[in-house]
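Structure file structure-v6.pdb with PDB, C-alpha atoms, pLDDT in the B column:
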```
MODEL        1
ATOM      1  CA  MET A   1     -10.338  18.175 -14.262  1.00 51.00           C
ATOM      2  CA  SER A   2     -11.939  15.615 -12.010  1.00 60.00           C
ATOM      3  CA  ASN A   3     -11.377  15.828  -8.269  1.00 74.00           C
ATOM      4  CA  GLU A   4     -11.104  12.036  -8.090  1.00 92.00           C
ATOM      5  CA  LEU A   5      -7.857  10.117  -8.070  1.00 97.00           C
ATOM      6  CA  ILE A   6      -7.824   6.402  -8.816  1.00 98.00           C
ATOM      7  CA  MET A   7      -5.044   4.306  -7.303  1.00 98.00           C
ATOM      8  CA  TYR A   8      -4.183   0.665  -7.964  1.00 98.00           C
ATOM      9  CA  THR A   9      -1.767  -1.020  -5.569  1.00 98.00           C
ATOM     10  CA  ASP A  10      -0.062  -4.338  -4.949  1.00 98.00           C
ATOM     11  CA  GLY A  11       2.652  -5.699  -2.701  1.00 97.00           C
ATOM     12  CA  SER A  12       4.820  -8.762  -2.899  1.00 96.00           C
ATOM     13  CA  SER A  13       7.443 -10.604  -0.936  1.00 96.00           C
ATOM     14  CA  ARG A  14       9.663 -13.506  -1.897  1.00 95.00           C
ATOM     15  CA  GLY A  15       9.258 -15.519   1.237  1.00 93.00           C
ATOM     16  CA  ASN A  16       7.356 -14.057   4.153  1.00 91.00           C
ATOM     17  CA  PRO A  17       9.528 -12.448   5.408  1.00 95.00           C
ATOM     18  CA  GLY A  18      11.922 -12.008   2.532  1.00 96.00           C
ATOM     19  CA  PRO A  19      12.829  -9.501  -0.163  1.00 97.00           C
ATOM     20  CA  GLY A  20       9.711  -7.520  -1.053  1.00 98.00           C
ATOM     21  CA  GLY A  21       8.371  -4.801  -3.253  1.00 98.00           C
ATOM     22  CA  TYR A  22       5.340  -2.665  -3.978  1.00 98.00           C
ATOM     23  CA  GLY A  23       3.747  -1.296  -7.115  1.00 98.00           C
ATOM     24  CA  THR A  24       1.329   1.605  -7.415  1.00 98.00           C
ATOM     25  CA  ILE A  25      -0.422   3.246 -10.357  1.00 98.00           C
ATOM     26  CA  LEU A  26      -2.046   6.659  -9.954  1.00 98.00           C
ATOM     27  CA  PHE A  27      -4.665   7.917 -12.416  1.00 97.00           C
ATOM     28  CA  TRP A  28      -5.621  11.601 -12.425  1.00 95.00           C
ATOM     29  CA  GLY A  29      -7.735  12.558 -15.422  1.00 91.00           C
ATOM     30  CA  ASN A  30      -5.764  11.278 -18.402  1.00 92.00           C
ATOM     31  CA  GLN A  31      -2.461  11.263 -16.521  1.00 95.00           C
ATOM     32  CA  ARG A  32      -0.902   8.053 -15.256  1.00 97.00           C
ATOM     33  CA  LYS A  33       2.055   7.612 -12.913  1.00 98.00           C
ATOM     34  CA  GLU A  34       3.690   4.349 -11.857  1.00 98.00           C
ATOM     35  CA  LEU A  35       5.637   3.947  -8.602  1.00 98.00           C
ATOM     36  CA  SER A  36       7.550   1.015  -7.176  1.00 98.00           C
ATOM     37  CA  GLY A  37      10.178   0.197  -4.596  1.00 98.00           C
ATOM     38  CA  GLY A  38      11.888  -2.816  -3.087  1.00 98.00           C
ATOM     39  CA  TYR A  39      13.075  -3.816   0.391  1.00 98.00           C
ATOM     40  CA  ARG A  40      15.624  -6.457   1.342  1.00 97.00           C
ATOM     41  CA  ARG A  41      13.594  -8.014   4.191  1.00 97.00           C
ATOM     42  CA  THR A  42       9.900  -7.409   4.752  1.00 97.00           C
ATOM     43  CA  THR A  43       6.470  -9.086   4.527  1.00 97.00           C
ATOM     44  CA  ASN A  44       3.711  -9.247   1.974  1.00 96.00           C
ATOM     45  CA  ASN A  45       1.285  -7.317   4.222  1.00 97.00           C
ATOM     46  CA  ARG A  46       3.827  -4.544   4.769  1.00 98.00           C
ATOM     47  CA  MET A  47       4.345  -4.189   1.023  1.00 98.00           C
ATOM     48  CA  GLU A  48       0.592  -4.169   0.342  1.00 98.00           C
ATOM     49  CA  LEU A  49       0.306  -1.259   2.777  1.00 98.00           C
ATOM     50  CA  MET A  50       3.490   0.436   1.539  1.00 98.00           C
ATOM     51  CA  ALA A  51       2.017   0.545  -1.979  1.00 98.00           C
ATOM     52  CA  VAL A  52      -0.866   2.669  -0.667  1.00 98.00           C
ATOM     53  CA  ILE A  53       1.459   4.893   1.400  1.00 98.00           C
ATOM     54  CA  ALA A  54       3.770   5.499  -1.575  1.00 98.00           C
ATOM     55  CA  GLY A  55       0.785   6.565  -3.658  1.00 98.00           C
ATOM     56  CA  LEU A  56      -0.495   8.951  -0.988  1.00 98.00           C
ATOM     57  CA  GLU A  57       2.972  10.394  -0.364  1.00 98.00           C
ATOM     58  CA  ALA A  58       3.356  11.137  -4.087  1.00 97.00           C
ATOM     59  CA  LEU A  59       0.318  13.442  -4.115  1.00 96.00           C
ATOM     60  CA  LYS A  60       0.949  17.150  -4.483  1.00 93.00           C
ATOM     61  CA  LYS A  61      -2.407  18.332  -3.165  1.00 92.00           C
ATOM     62  CA  ASP A  62      -4.845  17.491  -0.397  1.00 94.00           C
ATOM     63  CA  GLY A  63      -8.629  17.307  -0.281  1.00 94.00           C
ATOM     64  CA  LEU A  64      -8.907  14.696  -3.003  1.00 95.00           C
ATOM     65  CA  LYS A  65     -11.463  11.960  -3.352  1.00 97.00           C
ATOM     66  CA  ILE A  66      -9.365   8.802  -3.733  1.00 98.00           C
ATOM     67  CA  THR A  67     -10.462   5.282  -4.592  1.00 98.00           C
ATOM     68  CA  VAL A  68      -7.801   2.659  -3.922  1.00 98.00           C
ATOM     69  CA  TYR A  69      -8.118  -0.709  -5.659  1.00 98.00           C
ATOM     70  CA  SER A  70      -6.209  -3.439  -3.820  1.00 97.00           C
ATOM     71  CA  ASP A  71      -6.178  -7.230  -3.822  1.00 96.00           C
ATOM     72  CA  SER A  72      -5.184  -7.205  -0.136  1.00 97.00           C
ATOM     73  CA  GLN A  73      -8.057  -8.242   2.132  1.00 97.00           C
ATOM     74  CA  TYR A  74      -5.819  -7.189   5.038  1.00 97.00           C
ATOM     75  CA  VAL A  75      -5.559  -3.572   3.854  1.00 98.00           C
ATOM     76  CA  VAL A  76      -9.097  -3.214   2.483  1.00 98.00           C
ATOM     77  CA  LYS A  77     -10.839  -4.716   5.521  1.00 97.00           C
ATOM     78  CA  ALA A  78      -8.622  -2.896   8.031  1.00 97.00           C
ATOM     79  CA  VAL A  79      -9.858   0.419   6.662  1.00 97.00           C
ATOM     80  CA  GLU A  80     -13.350  -0.336   5.354  1.00 97.00           C
ATOM     81  CA  GLN A  81     -14.444  -2.463   8.340  1.00 97.00           C
ATOM     82  CA  GLY A  82     -13.004  -0.099  10.944  1.00 95.00           C
ATOM     83  CA  TRP A  83     -10.261  -2.368  12.277  1.00 96.00           C
ATOM     84  CA  LEU A  84      -7.709   0.424  11.933  1.00 97.00           C
ATOM     85  CA  ARG A  85      -9.790   2.844  14.015  1.00 95.00           C
ATOM     86  CA  ASN A  86      -9.878   0.238  16.802  1.00 95.00           C
ATOM     87  CA  TRP A  87      -6.151  -0.464  16.524  1.00 96.00           C
ATOM     88  CA  ILE A  88      -5.382   3.240  16.814  1.00 96.00           C
ATOM     89  CA  ALA A  89      -7.793   3.700  19.720  1.00 95.00           C
ATOM     90  CA  THR A  90      -6.090   0.856  21.642  1.00 96.00           C
ATOM     91  CA  ASP A  91      -2.550   1.762  20.493  1.00 95.00           C
ATOM     92  CA  PHE A  92      -2.281  -1.549  18.610  1.00 94.00           C
ATOM     93  CA  LYS A  93      -2.751  -3.562  21.814  1.00 93.00           C
ATOM     94  CA  GLY A  94      -2.557  -7.333  21.553  1.00 88.00           C
ATOM     95  CA  GLY A  95       0.435  -7.404  19.235  1.00 85.00           C
ATOM     96  CA  LYS A  96      -1.204  -5.943  16.122  1.00 90.00           C
ATOM     97  CA  LYS A  97       1.486  -5.792  13.474  1.00 94.00           C
ATOM     98  CA  ASN A  98       2.775  -2.974  11.280  1.00 96.00           C
ATOM     99  CA  LYS A  99       1.983  -0.141  13.671  1.00 96.00           C
ATOM    100  CA  ASP A 100       4.607   2.077  11.984  1.00 97.00           C
ATOM    101  CA  LEU A 101       3.025   1.762   8.542  1.00 98.00           C
ATOM    102  CA  TRP A 102      -0.575   1.909   9.734  1.00 98.00           C
ATOM    103  CA  THR A 103       0.177   5.086  11.682  1.00 97.00           C
ATOM    104  CA  ARG A 104       1.885   6.581   8.618  1.00 97.00           C
ATOM    105  CA  PHE A 105      -1.088   5.639   6.421  1.00 98.00           C
ATOM    106  CA  TYR A 106      -3.584   6.999   8.954  1.00 97.00           C
ATOM    107  CA  GLU A 107      -1.918  10.423   9.071  1.00 97.00           C
ATOM    108  CA  LEU A 108      -1.787  10.595   5.255  1.00 97.00           C
ATOM    109  CA  SER A 109      -5.397   9.443   4.893  1.00 96.00           C
ATOM    110  CA  LYS A 110      -6.682  12.369   6.974  1.00 96.00           C
ATOM    111  CA  LYS A 111      -5.661  14.781   4.193  1.00 96.00           C
ATOM    112  CA  ASN A 112      -8.040  13.229   1.675  1.00 96.00           C
ATOM    113  CA  SER A 113     -11.200  11.169   1.404  1.00 96.00           C
ATOM    114  CA  VAL A 114      -9.879   7.649   0.852  1.00 97.00           C
ATOM    115  CA  ARG A 115     -11.982   4.577   0.206  1.00 97.00           C
ATOM    116  CA  PHE A 116     -10.871   1.055  -0.675  1.00 98.00           C
ATOM    117  CA  VAL A 117     -12.264  -1.446  -3.146  1.00 97.00           C
ATOM    118  CA  TRP A 118     -11.097  -5.050  -3.141  1.00 97.00           C
ATOM    119  CA  VAL A 119     -10.183  -6.617  -6.489  1.00 95.00           C
ATOM    120  CA  ARG A 120      -9.302 -10.244  -7.137  1.00 89.00           C
ATOM    121  CA  GLY A 121      -5.531 -10.645  -7.458  1.00 82.00           C
ATOM    122  CA  HIS A 122      -3.848 -12.302 -10.419  1.00 79.00           C
ATOM    123  CA  ALA A 123      -7.122 -12.200 -12.353  1.00 83.00           C
ATOM    124  CA  ASP A 124      -8.230 -10.183 -15.338  1.00 88.00           C
ATOM    125  CA  ASN A 125      -7.677  -6.652 -14.037  1.00 92.00           C
ATOM    126  CA  PRO A 126      -4.827  -5.228 -16.153  1.00 95.00           C
ATOM    127  CA  TYR A 127      -3.946  -2.491 -13.641  1.00 97.00           C
ATOM    128  CA  ASN A 128      -3.756  -4.908 -10.703  1.00 96.00           C
ATOM    129  CA  ASN A 129      -1.624  -7.207 -12.847  1.00 96.00           C
ATOM    130  CA  ARG A 130       0.673  -4.302 -13.752  1.00 97.00           C
ATOM    131  CA  CYS A 131       1.042  -3.415 -10.052  1.00 98.00           C
ATOM    132  CA  ASP A 132       1.951  -7.037  -9.342  1.00 97.00           C
ATOM    133  CA  GLU A 133       4.595  -6.847 -12.074  1.00 97.00           C
ATOM    134  CA  LEU A 134       5.986  -3.607 -10.611  1.00 98.00           C
ATOM    135  CA  ALA A 135       6.046  -5.126  -7.095  1.00 98.00           C
ATOM    136  CA  THR A 136       7.730  -8.399  -8.041  1.00 97.00           C
ATOM    137  CA  THR A 137      10.259  -6.637 -10.289  1.00 98.00           C
ATOM    138  CA  ALA A 138      11.130  -4.305  -7.394  1.00 98.00           C
ATOM    139  CA  ALA A 139      11.435  -7.259  -4.978  1.00 97.00           C
ATOM    140  CA  ASP A 140      13.778  -9.026  -7.407  1.00 97.00           C
ATOM    141  CA  GLY A 141      15.860  -5.920  -8.063  1.00 95.00           C
ATOM    142  CA  GLY A 142      19.242  -4.967  -6.684  1.00 90.00           C
ATOM    143  CA  ASN A 143      20.019  -2.138  -4.272  1.00 89.00           C
ATOM    144  CA  LEU A 144      17.002  -2.899  -2.056  1.00 96.00           C
ATOM    145  CA  ALA A 145      16.095  -0.449   0.686  1.00 97.00           C
ATOM    146  CA  VAL A 146      16.113  -1.425   4.368  1.00 97.00           C
ATOM    147  CA  ASP A 147      12.744  -1.752   6.104  1.00 95.00           C
ATOM    148  CA  ALA A 148      14.410  -0.622   9.322  1.00 94.00           C
ATOM    149  CA  PHE A 149      11.353  -0.853  11.586  1.00 94.00           C
ATOM    150  CA  PHE A 150      10.611  -4.412  10.465  1.00 95.00           C
ATOM    151  CA  GLU A 151      14.229  -5.580  10.695  1.00 94.00           C
ATOM    152  CA  ARG A 152      14.533  -4.093  14.195  1.00 93.00           C
ATOM    153  CA  GLU A 153      11.294  -5.725  15.362  1.00 86.00           C
ATOM    154  CA  SER A 154      11.892  -9.188  13.904  1.00 82.00           C
TER     155      SER A 154
ENDMDL
END
```
Since I need it in another form, could you write the structure as structure tokens?
Amino acid sequence: MSNELIMYTDGSSRGNPGPGGYGTILFWGNQRKELSGGYRRTTNNRMELMAVIAGLEALKKDGLKITVYSDSQYVVKAVEQGWLRNWIATDFKGGKKNKDLWTRFYELSKKNSVRFVWVRGHADNPYNNRCDELATTAADGGNLAVDAFFERES
């Protein structure tokens, strides 16, 4: 079996802030797993990042080579262009947002080799479109979780 995991992710919020959700698809060999969740009050950027975190938290082993496909410039550039390293080094000085989620992602990312690839959203990528469907369905669902950090901060 391949040592590479492919992950597609998307986040959504109805209003920014507003009810939000994330969708994630994990591919490992010929196995596929879909994940999603919704929050009563959050932002689009938080849900884009939460989609990646949910995927990483679902993994049962470390040391994987992971390629994450995301339509979020915010998430892809933060990692691939080194913004996150700077934010961590300066403890998110200057009011950088989503410190709780970025810190959570950063700790998870150390267990594997994670790289990001940007894909155009709402285009012809069926997996990105499926993640969007998972995210919006979760955002529109009932029994939404509380994004406690965000609600406390805002």
Could you check the closest approach to Met7 of chain A for each of A:Ala89, A:Val68, A:Ala58, A:Ala145 and tell me which residue wins, using all atoms listed in the file?
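Nearest to Met7 of chain A: A:Val68.
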Who sits within 12 Å of Phe116 of chain A, all atoms listed in the file, same chain under 3 positions skipped, as a list in words:
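Using all atoms listed in the file, the neighbours found are Ile6, Met7, Tyr8, Thr9, Leu49, Val52, Lys65, Ile66, Thr67, Val68, Tyr69, Ser70, Asp71, Ser72, Gln73, Tyr74, Val75, Val76, Lys77, Ala78, Val79, Glu80, Gln81, Gly82, Ser109, Ser113 and Val119 of chain A.
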Might you pull out every residue within 8 Å of segment 12-14 of chain A, with all atoms listed in the file counted and same-chain residues fewer than 6 positions away left off, and present them as a list in words?
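Near neighbours after the sequence-gap exclusion: Gly20, Gly21, Tyr22, Thr42, Thr43, Asn44, Met47, Glu48, Asp132, Ala135, Thr136 and Ala139 of chain A.
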Would you compute the distance between atom CA of Ala54 of chain A and atom CA of Glu34 of chain A? Give it in Å to one decimal.
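About the pair atom CA of Ala54 of chain A and atom CA of Glu34 of chain A: they are 10.3 Å apart.
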Kindly resolve the PyMOL selection byres ((chain A and resi 97) around 12) on the present coordinates and return the residues as a short mmCIF file (atom, residue, chain, number, x, y, z; two decimals) with C-alpha atoms, in the coordinates of the input.
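Written out: selection_23.cif:
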```
data_model
loop_
_atom_site.label_atom_id
_atom_site.label_comp_id
_atom_site.auth_asym_id
_atom_site.auth_seq_id
_atom_site.Cartn_x
_atom_site.Cartn_y
_atom_site.Cartn_z
CA THR A 43 6.47 -9.09 4.53
CA ASN A 45 1.28 -7.32 4.22
CA ARG A 46 3.83 -4.54 4.77
CA LEU A 49 0.31 -1.26 2.78
CA TYR A 74 -5.82 -7.19 5.04
CA ALA A 78 -8.62 -2.90 8.03
CA LEU A 84 -7.71 0.42 11.93
CA TRP A 87 -6.15 -0.46 16.52
CA ILE A 88 -5.38 3.24 16.81
CA ASP A 91 -2.55 1.76 20.49
CA PHE A 92 -2.28 -1.55 18.61
CA LYS A 93 -2.75 -3.56 21.81
CA GLY A 94 -2.56 -7.33 21.55
CA GLY A 95 0.44 -7.40 19.24
CA LYS A 96 -1.20 -5.94 16.12
CA ASN A 98 2.78 -2.97 11.28
CA LYS A 99 1.98 -0.14 13.67
CA ASP A 100 4.61 2.08 11.98
CA LEU A 101 3.02 1.76 8.54
CA TRP A 102 -0.57 1.91 9.73
CA THR A 103 0.18 5.09 11.68
CA PHE A 149 11.35 -0.85 11.59
CA PHE A 150 10.61 -4.41 10.46
CA GLU A 153 11.29 -5.72 15.36
CA SER A 154 11.89 -9.19 13.90
#
```
What is the distance, in Å and to one decimal place, between atom CA of Ile25 of chain A and atom CA of Asp10 of chain A?
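Going from atom CA of Ile25 of chain A over to atom CA of Asp10 of chain A covers 9.3 Å.
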Distance in Å - atom CA of Leu56 of chain A versus atom CA of Gly121 of chain A:
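Atom-to-atom, atom CA of Leu56 of chain A to atom CA of Gly121 of chain A, that is 21.2 Å.
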Could you give me the centre and size, in Å to one decimal, of an axis-aligned box around all listed atoms of segment 123-126 of chain A with 3 Å added on every side, as lines of an AutoDock Vina configuration file?
```
center_x = -6.5
center_y = -8.7
center_z = -14.3
size_x = 9.4
size_y = 13.0
size_z = 9.8
```
Considering all atoms listed in the file, state which residue in the set A:Lys111, A:Lys33, A:Arg104, A:Arg152 is at the smallest distance from Met50 of chain A.
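Among A:Lys111, A:Lys33, A:Arg104, A:Arg152, it is A:Arg104 that comes nearest to Met50 of chain A.
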Find, counting all atoms listed in the file, the residue in A:Asn86, A:Asn143, A:Lys60, A:Asn112 that gets nearest to Pro19 of chain A.
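When distances to Pro19 of chain A are compared using all atoms listed in the file, the smallest one comes from A:Asn143.
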Would you mind telling me which residue in A:Pro17, A:Gly11, A:Glu133, A:Asn128 lies nearest to Arg40 of chain A when using all atoms listed in the file?
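The closest residue to Arg40 of chain A is A:Pro17.
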Which residue of A:Gly18, A:Gly37, A:Gly63, A:Gly55 approaches Gly141 of chain A most closely, using all atoms listed in the file:
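Between A:Gly18, A:Gly37, A:Gly63, A:Gly55, the residue approaching Gly141 of chain A most closely is A:Gly37.
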Write segment 24-56 of chain A as a PDB file, in the frame of the given file, completed to N, CA and C atoms.
```pdb
ATOM      1  N   THR A  24       2.474   0.704  -7.518  1.00 98.00           N
ATOM      2  CA  THR A  24       1.329   1.605  -7.415  1.00 98.00           C
ATOM      3  C   THR A  24       1.135   2.304  -8.752  1.00 98.00           C
ATOM      4  N   ILE A  25      -0.107   2.431  -9.178  1.00 98.00           N
ATOM      5  CA  ILE A  25      -0.422   3.246 -10.357  1.00 98.00           C
ATOM      6  C   ILE A  25      -1.444   4.290  -9.931  1.00 98.00           C
ATOM      7  N   LEU A  26      -1.148   5.541 -10.238  1.00 98.00           N
ATOM      8  CA  LEU A  26      -2.046   6.659  -9.954  1.00 98.00           C
ATOM      9  C   LEU A  26      -2.656   7.145 -11.259  1.00 98.00           C
ATOM     10  N   PHE A  27      -3.966   7.350 -11.256  1.00 97.00           N
ATOM     11  CA  PHE A  27      -4.665   7.917 -12.416  1.00 97.00           C
ATOM     12  C   PHE A  27      -5.334   9.213 -11.997  1.00 97.00           C
ATOM     13  N   TRP A  28      -5.013  10.295 -12.681  1.00 95.00           N
ATOM     14  CA  TRP A  28      -5.621  11.601 -12.425  1.00 95.00           C
ATOM     15  C   TRP A  28      -6.007  12.161 -13.788  1.00 95.00           C
ATOM     16  N   GLY A  29      -7.304  12.157 -14.081  1.00 91.00           N
ATOM     17  CA  GLY A  29      -7.735  12.558 -15.422  1.00 91.00           C
ATOM     18  C   GLY A  29      -7.115  11.603 -16.427  1.00 91.00           C
ATOM     19  N   ASN A  30      -6.404  12.155 -17.420  1.00 92.00           N
ATOM     20  CA  ASN A  30      -5.764  11.278 -18.402  1.00 92.00           C
ATOM     21  C   ASN A  30      -4.282  11.064 -18.103  1.00 92.00           C
ATOM     22  N   GLN A  31      -3.851  11.476 -16.908  1.00 95.00           N
ATOM     23  CA  GLN A  31      -2.461  11.263 -16.521  1.00 95.00           C
ATOM     24  C   GLN A  31      -2.329   9.949 -15.747  1.00 95.00           C
ATOM     25  N   ARG A  32      -1.183   9.323 -15.932  1.00 97.00           N
ATOM     26  CA  ARG A  32      -0.902   8.053 -15.256  1.00 97.00           C
ATOM     27  C   ARG A  32       0.530   8.094 -14.747  1.00 97.00           C
ATOM     28  N   LYS A  33       0.715   7.659 -13.492  1.00 98.00           N
ATOM     29  CA  LYS A  33       2.055   7.612 -12.913  1.00 98.00           C
ATOM     30  C   LYS A  33       2.239   6.272 -12.228  1.00 98.00           C
ATOM     31  N   GLU A  34       3.377   5.624 -12.492  1.00 98.00           N
ATOM     32  CA  GLU A  34       3.690   4.349 -11.857  1.00 98.00           C
ATOM     33  C   GLU A  34       4.803   4.546 -10.834  1.00 98.00           C
ATOM     34  N   LEU A  35       4.648   3.883  -9.683  1.00 98.00           N
ATOM     35  CA  LEU A  35       5.637   3.947  -8.602  1.00 98.00           C
ATOM     36  C   LEU A  35       5.971   2.527  -8.164  1.00 98.00           C
ATOM     37  N   SER A  36       7.197   2.313  -7.749  1.00 98.00           N
ATOM     38  CA  SER A  36       7.550   1.015  -7.176  1.00 98.00           C
ATOM     39  C   SER A  36       8.793   1.165  -6.321  1.00 98.00           C
ATOM     40  N   GLY A  37       8.990   0.212  -5.440  1.00 98.00           N
ATOM     41  CA  GLY A  37      10.178   0.197  -4.596  1.00 98.00           C
ATOM     42  C   GLY A  37      10.358  -1.184  -4.001  1.00 98.00           C
ATOM     43  N   GLY A  38      11.596  -1.506  -3.648  1.00 98.00           N
ATOM     44  CA  GLY A  38      11.888  -2.816  -3.087  1.00 98.00           C
ATOM     45  C   GLY A  38      12.633  -2.725  -1.768  1.00 98.00           C
ATOM     46  N   TYR A  39      12.442  -3.735  -0.927  1.00 98.00           N
ATOM     47  CA  TYR A  39      13.075  -3.816   0.391  1.00 98.00           C
ATOM     48  C   TYR A  39      13.726  -5.179   0.551  1.00 98.00           C
ATOM     49  N   ARG A  40      14.855  -5.211   1.260  1.00 97.00           N
ATOM     50  CA  ARG A  40      15.624  -6.457   1.342  1.00 97.00           C
ATOM     51  C   ARG A  40      14.980  -7.495   2.250  1.00 97.00           C
ATOM     52  N   ARG A  41      14.240  -7.062   3.275  1.00 97.00           N
ATOM     53  CA  ARG A  41      13.594  -8.014   4.191  1.00 97.00           C
ATOM     54  C   ARG A  41      12.326  -7.378   4.735  1.00 97.00           C
ATOM     55  N   THR A  42      11.188  -7.965   4.372  1.00 97.00           N
ATOM     56  CA  THR A  42       9.900  -7.409   4.752  1.00 97.00           C
ATOM     57  C   THR A  42       8.837  -8.489   4.615  1.00 97.00           C
ATOM     58  N   THR A  43       7.558  -8.114   4.701  1.00 97.00           N
ATOM     59  CA  THR A  43       6.470  -9.086   4.527  1.00 97.00           C
ATOM     60  C   THR A  43       5.515  -8.622   3.437  1.00 97.00           C
ATOM     61  N   ASN A  44       4.712  -9.554   2.983  1.00 96.00           N
ATOM     62  CA  ASN A  44       3.711  -9.247   1.974  1.00 96.00           C
ATOM     63  C   ASN A  44       2.740  -8.165   2.470  1.00 96.00           C
ATOM     64  N   ASN A  45       2.229  -8.310   3.702  1.00 97.00           N
ATOM     65  CA  ASN A  45       1.285  -7.317   4.222  1.00 97.00           C
ATOM     66  C   ASN A  45       1.906  -5.926   4.299  1.00 97.00           C
ATOM     67  N   ARG A  46       3.169  -5.850   4.694  1.00 98.00           N
ATOM     68  CA  ARG A  46       3.827  -4.544   4.769  1.00 98.00           C
ATOM     69  C   ARG A  46       3.931  -3.917   3.379  1.00 98.00           C
ATOM     70  N   MET A  47       4.212  -4.728   2.379  1.00 98.00           N
ATOM     71  CA  MET A  47       4.345  -4.189   1.023  1.00 98.00           C
ATOM     72  C   MET A  47       2.987  -3.806   0.426  1.00 98.00           C
ATOM     73  N   GLU A  48       1.942  -4.553   0.785  1.00 98.00           N
ATOM     74  CA  GLU A  48       0.592  -4.169   0.342  1.00 98.00           C
ATOM     75  C   GLU A  48       0.248  -2.780   0.884  1.00 98.00           C
ATOM     76  N   LEU A  49       0.584  -2.544   2.136  1.00 98.00           N
ATOM     77  CA  LEU A  49       0.306  -1.259   2.777  1.00 98.00           C
ATOM     78  C   LEU A  49       1.255  -0.174   2.263  1.00 98.00           C
ATOM     79  N   MET A  50       2.505  -0.529   2.045  1.00 98.00           N
ATOM     80  CA  MET A  50       3.490   0.436   1.539  1.00 98.00           C
ATOM     81  C   MET A  50       3.097   0.960   0.157  1.00 98.00           C
ATOM     82  N   ALA A  51       2.461   0.122  -0.649  1.00 98.00           N
ATOM     83  CA  ALA A  51       2.017   0.545  -1.979  1.00 98.00           C
ATOM     84  C   ALA A  51       1.020   1.702  -1.868  1.00 98.00           C
ATOM     85  N   VAL A  52       0.128   1.606  -0.891  1.00 98.00           N
ATOM     86  CA  VAL A  52      -0.866   2.669  -0.667  1.00 98.00           C
ATOM     87  C   VAL A  52      -0.165   3.927  -0.147  1.00 98.00           C
ATOM     88  N   ILE A  53       0.730   3.758   0.824  1.00 98.00           N
ATOM     89  CA  ILE A  53       1.459   4.893   1.400  1.00 98.00           C
ATOM     90  C   ILE A  53       2.262   5.623   0.326  1.00 98.00           C
ATOM     91  N   ALA A  54       2.960   4.878  -0.516  1.00 98.00           N
ATOM     92  CA  ALA A  54       3.770   5.499  -1.575  1.00 98.00           C
ATOM     93  C   ALA A  54       2.884   6.338  -2.493  1.00 98.00           C
ATOM     94  N   GLY A  55       1.715   5.817  -2.814  1.00 98.00           N
ATOM     95  CA  GLY A  55       0.785   6.565  -3.658  1.00 98.00           C
ATOM     96  C   GLY A  55       0.328   7.842  -2.987  1.00 98.00           C
ATOM     97  N   LEU A  56      -0.040   7.759  -1.715  1.00 98.00           N
ATOM     98  CA  LEU A  56      -0.495   8.951  -0.988  1.00 98.00           C
ATOM     99  C   LEU A  56       0.630   9.961  -0.806  1.00 98.00           C
TER     100      LEU A  56
END
```
